[in-house]
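Structure, as structure tokens:
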Amino acid sequence: MMNYGQSPTKEKNYELITVNYELKQMILPIYTYGQPVLREEAEEIGKDYPGLEQLIKDMYETLERSEGIGLAAPQVGHPIRLAIINLDVISEDMPEYKGYVKTFINPYIEEYDETDMDVSEEGCLSLPGIHEKVKRPKRIRVTYQDEQFQEHDEWVEGYLARVMQHEFDHLDGVVFTDHLKGLRRQLTTSKLQDIRKGKFSCNYKVKVKTH
Ligand code: NI
């Protein structure tokens, strides 16, 4: 799941193994609706972002324990352009995503193919208890860097394109209920207010906004 890059000498390799061993995974609290970080425009990061390797590792652990398929850094309190997606967990239903576990650094959606739209239900770890159908383009062009900061520029489609749109929206301060229109939008407003006040339950650790 994680890559730490190649090392030129055996000695260095040994050091890397030691460091990896010391990186213990930690479950982070999920910031829920009402937390200002979820409405911020996230900042781009470089290789030198402090604790990046550990943060990514912790995000994977947090995602696994909360049984999610995607997590953006603002959801764990970091206003930075970083997101992870794990579609391997749904590969029993969608075999094409077997082994799909990826980290996205500084991702952007460059193009939306709005000729072909798709409606499907979404949920979000930061919005516990809310599940709504969201209309989104089926195909998008994305650019991002991987964990080795290699650049990628690709068209993606289908369910992955939906998950990417949901996760990368978080990096622009957008949550999926922002896409709802009319009555569905009105009906979620009171649920969102309840989450803001801490009136909800879920089976993972959260950080509710404190007044
Ligand atoms: Ni979300």
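Labels for the structure tokens follow display order: chains A, B, ..., residues from 1 in each chain, ligands from 1.
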
Per residue of chain A within 12 Å of ligand 1, what are the shortest atom pair and its distance in Å to one decimal, counting only C-alpha atoms and all ligand atoms, with rows by chain and residue number, as CSV?
residue,atom,partner,partner_atom_place_in_ligand_line,distance
A:Ile30,CA,ligand 1,1 (Ni),10.3
A:Tyr31,CA,ligand 1,1 (Ni),10.4
A:Thr32,CA,ligand 1,1 (Ni),9.7
A:Tyr33,CA,ligand 1,1 (Ni),10.1
A:Leu38,CA,ligand 1,1 (Ni),9.6
A:Leu63,CA,ligand 1,1 (Ni),11.2
A:Gly68,CA,ligand 1,1 (Ni),9.1
A:Ile69,CA,ligand 1,1 (Ni),9.4
A:Gly70,CA,ligand 1,1 (Ni),7.1
A:Leu71,CA,ligand 1,1 (Ni),6.5
A:Ala72,CA,ligand 1,1 (Ni),7.2
A:Ala73,CA,ligand 1,1 (Ni),10.3
A:Pro74,CA,ligand 1,1 (Ni),9.7
A:Gln75,CA,ligand 1,1 (Ni),7.6
A:Val76,CA,ligand 1,1 (Ni),11.1
A:Ala83,CA,ligand 1,1 (Ni),10.3
A:Ile84,CA,ligand 1,1 (Ni),11.1
A:Ile85,CA,ligand 1,1 (Ni),11.0
A:Glu122,CA,ligand 1,1 (Ni),8.5
A:Gly123,CA,ligand 1,1 (Ni),6.8
A:Cys124,CA,ligand 1,1 (Ni),3.8
A:Leu125,CA,ligand 1,1 (Ni),5.7
A:Ser126,CA,ligand 1,1 (Ni),6.0
A:Leu127,CA,ligand 1,1 (Ni),7.4
A:Pro128,CA,ligand 1,1 (Ni),9.7
A:Ile130,CA,ligand 1,1 (Ni),10.8
A:His131,CA,ligand 1,1 (Ni),11.0
A:Arg162,CA,ligand 1,1 (Ni),11.3
A:Val163,CA,ligand 1,1 (Ni),8.9
A:Met164,CA,ligand 1,1 (Ni),10.1
A:Gln165,CA,ligand 1,1 (Ni),9.8
A:His166,CA,ligand 1,1 (Ni),6.1
A:Glu167,CA,ligand 1,1 (Ni),5.8
A:Phe168,CA,ligand 1,1 (Ni),9.0
A:Asp169,CA,ligand 1,1 (Ni),8.3
A:His170,CA,ligand 1,1 (Ni),6.6
A:Leu171,CA,ligand 1,1 (Ni),10.2
A:Asp172,CA,ligand 1,1 (Ni),11.9
A:Gly173,CA,ligand 1,1 (Ni),10.6
A:Val174,CA,ligand 1,1 (Ni),9.0
A:Val175,CA,ligand 1,1 (Ni),6.4
A:Phe176,CA,ligand 1,1 (Ni),7.0
A:Thr177,CA,ligand 1,1 (Ni),9.8
A:Asp178,CA,ligand 1,1 (Ni),11.6

Could you turn the residues from that selection into a file that holds C-alpha atoms, as a PDB file, in the first residue's frame?
ATOM      1  CA  ILE A  30     -12.873  12.723  11.584  1.00  0.00           C
ATOM      2  CA  TYR A  31     -13.792  16.413  11.513  1.00  0.00           C
ATOM      3  CA  THR A  32     -17.534  16.681  11.034  1.00  0.00           C
ATOM      4  CA  TYR A  33     -19.753  19.273   9.359  1.00  0.00           C
ATOM      5  CA  LEU A  38     -14.082  21.595   5.812  1.00  0.00           C
ATOM      6  CA  LEU A  63     -10.196   5.188   6.483  1.00  0.00           C
ATOM      7  CA  GLY A  68     -14.851   4.490   4.069  1.00  0.00           C
ATOM      8  CA  ILE A  69     -13.569   4.423   0.502  1.00  0.00           C
ATOM      9  CA  GLY A  70     -12.047   7.894   0.392  1.00  0.00           C
ATOM     10  CA  LEU A  71     -10.662  10.472   2.767  1.00  0.00           C
ATOM     11  CA  ALA A  72      -9.398  14.011   2.197  1.00  0.00           C
ATOM     12  CA  ALA A  73      -6.853  15.644   4.497  1.00  0.00           C
ATOM     13  CA  PRO A  74      -9.238  18.447   5.633  1.00  0.00           C
ATOM     14  CA  GLN A  75     -11.452  15.700   7.074  1.00  0.00           C
ATOM     15  CA  VAL A  76      -8.698  14.963   9.564  1.00  0.00           C
ATOM     16  CA  ALA A  83      -6.601  12.679  -0.496  1.00  0.00           C
ATOM     17  CA  ILE A  84      -6.585   8.887  -0.435  1.00  0.00           C
ATOM     18  CA  ILE A  85      -8.947   6.468  -2.166  1.00  0.00           C
ATOM     19  CA  GLU A 122     -23.152   9.309  -1.847  1.00  0.00           C
ATOM     20  CA  GLY A 123     -22.286   9.559   1.811  1.00  0.00           C
ATOM     21  CA  CYS A 124     -19.423  11.207   3.656  1.00  0.00           C
ATOM     22  CA  LEU A 125     -17.608  10.418   6.893  1.00  0.00           C
ATOM     23  CA  SER A 126     -17.855  14.124   7.793  1.00  0.00           C
ATOM     24  CA  LEU A 127     -21.634  14.085   7.287  1.00  0.00           C
ATOM     25  CA  PRO A 128     -22.688  11.002   9.270  1.00  0.00           C
ATOM     26  CA  ILE A 130     -26.724  11.665   5.314  1.00  0.00           C
ATOM     27  CA  HIS A 131     -27.013   9.715   2.060  1.00  0.00           C
ATOM     28  CA  ARG A 162     -17.355  10.004  -8.864  1.00  0.00           C
ATOM     29  CA  VAL A 163     -15.228   9.218  -5.810  1.00  0.00           C
ATOM     30  CA  MET A 164     -12.461  11.518  -7.047  1.00  0.00           C
ATOM     31  CA  GLN A 165     -14.948  14.352  -7.559  1.00  0.00           C
ATOM     32  CA  HIS A 166     -16.296  13.847  -4.042  1.00  0.00           C
ATOM     33  CA  GLU A 167     -12.828  13.725  -2.444  1.00  0.00           C
ATOM     34  CA  PHE A 168     -11.254  16.538  -4.453  1.00  0.00           C
ATOM     35  CA  ASP A 169     -14.304  18.719  -3.721  1.00  0.00           C
ATOM     36  CA  HIS A 170     -13.254  18.539  -0.057  1.00  0.00           C
ATOM     37  CA  LEU A 171     -10.002  20.275  -1.035  1.00  0.00           C
ATOM     38  CA  ASP A 172     -12.021  23.221  -2.336  1.00  0.00           C
ATOM     39  CA  GLY A 173     -14.205  23.428   0.777  1.00  0.00           C
ATOM     40  CA  VAL A 174     -17.149  21.696  -0.910  1.00  0.00           C
ATOM     41  CA  VAL A 175     -19.228  18.851   0.558  1.00  0.00           C
ATOM     42  CA  PHE A 176     -21.528  16.609  -1.486  1.00  0.00           C
ATOM     43  CA  THR A 177     -24.757  18.128  -0.171  1.00  0.00           C
ATOM     44  CA  ASP A 178     -23.699  21.408  -1.839  1.00  0.00           C
TER      45      ASP A 178
END

Residue neighbourhood Thr103 in chain A, 12 Å, only C-alpha atoms, exclusion window fewer than 2 positions, as a PyMOL selection string: chain A and resi 1-3+52-53+55-57+59-60+70-73+81-87+100-101+105-107+144-150+152+164+167-168

Taking only chain A into account, list the residues labelled strand (DSSP E) by DSSP (computed from the backbone), as a ChimeraX atom specification. /A:30-31,70-72,82-86,101-122,132-145,151-157,206-207

If you run DSSP on this backbone, which residues of range 53-177 of chain A come out as helix (DSSP H, G or I), and could you give them as a ChimeraX atom specification? /A:53-65,73-76,88-90,95-97,158-170,176-177

Report, in Å with one decimal, the straight-line distance from CA of Arg136 in chain A to CA of Glu111 in chain A. 12.5 Å

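Proximity ranking of A:Gly77, A:Met117, A:Tyr159, A:Arg65 relative to Gln35 in chain A places A:Gly77 first, based on only C-alpha atoms.
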
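Between CA of Pro36 in chain A and CA of Gly198 in chain A lies a distance of 14.5 Å.
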
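Coordinates place CA of Leu160 in chain A at a distance of 12.9 Å from CA of Phe104 in chain A.
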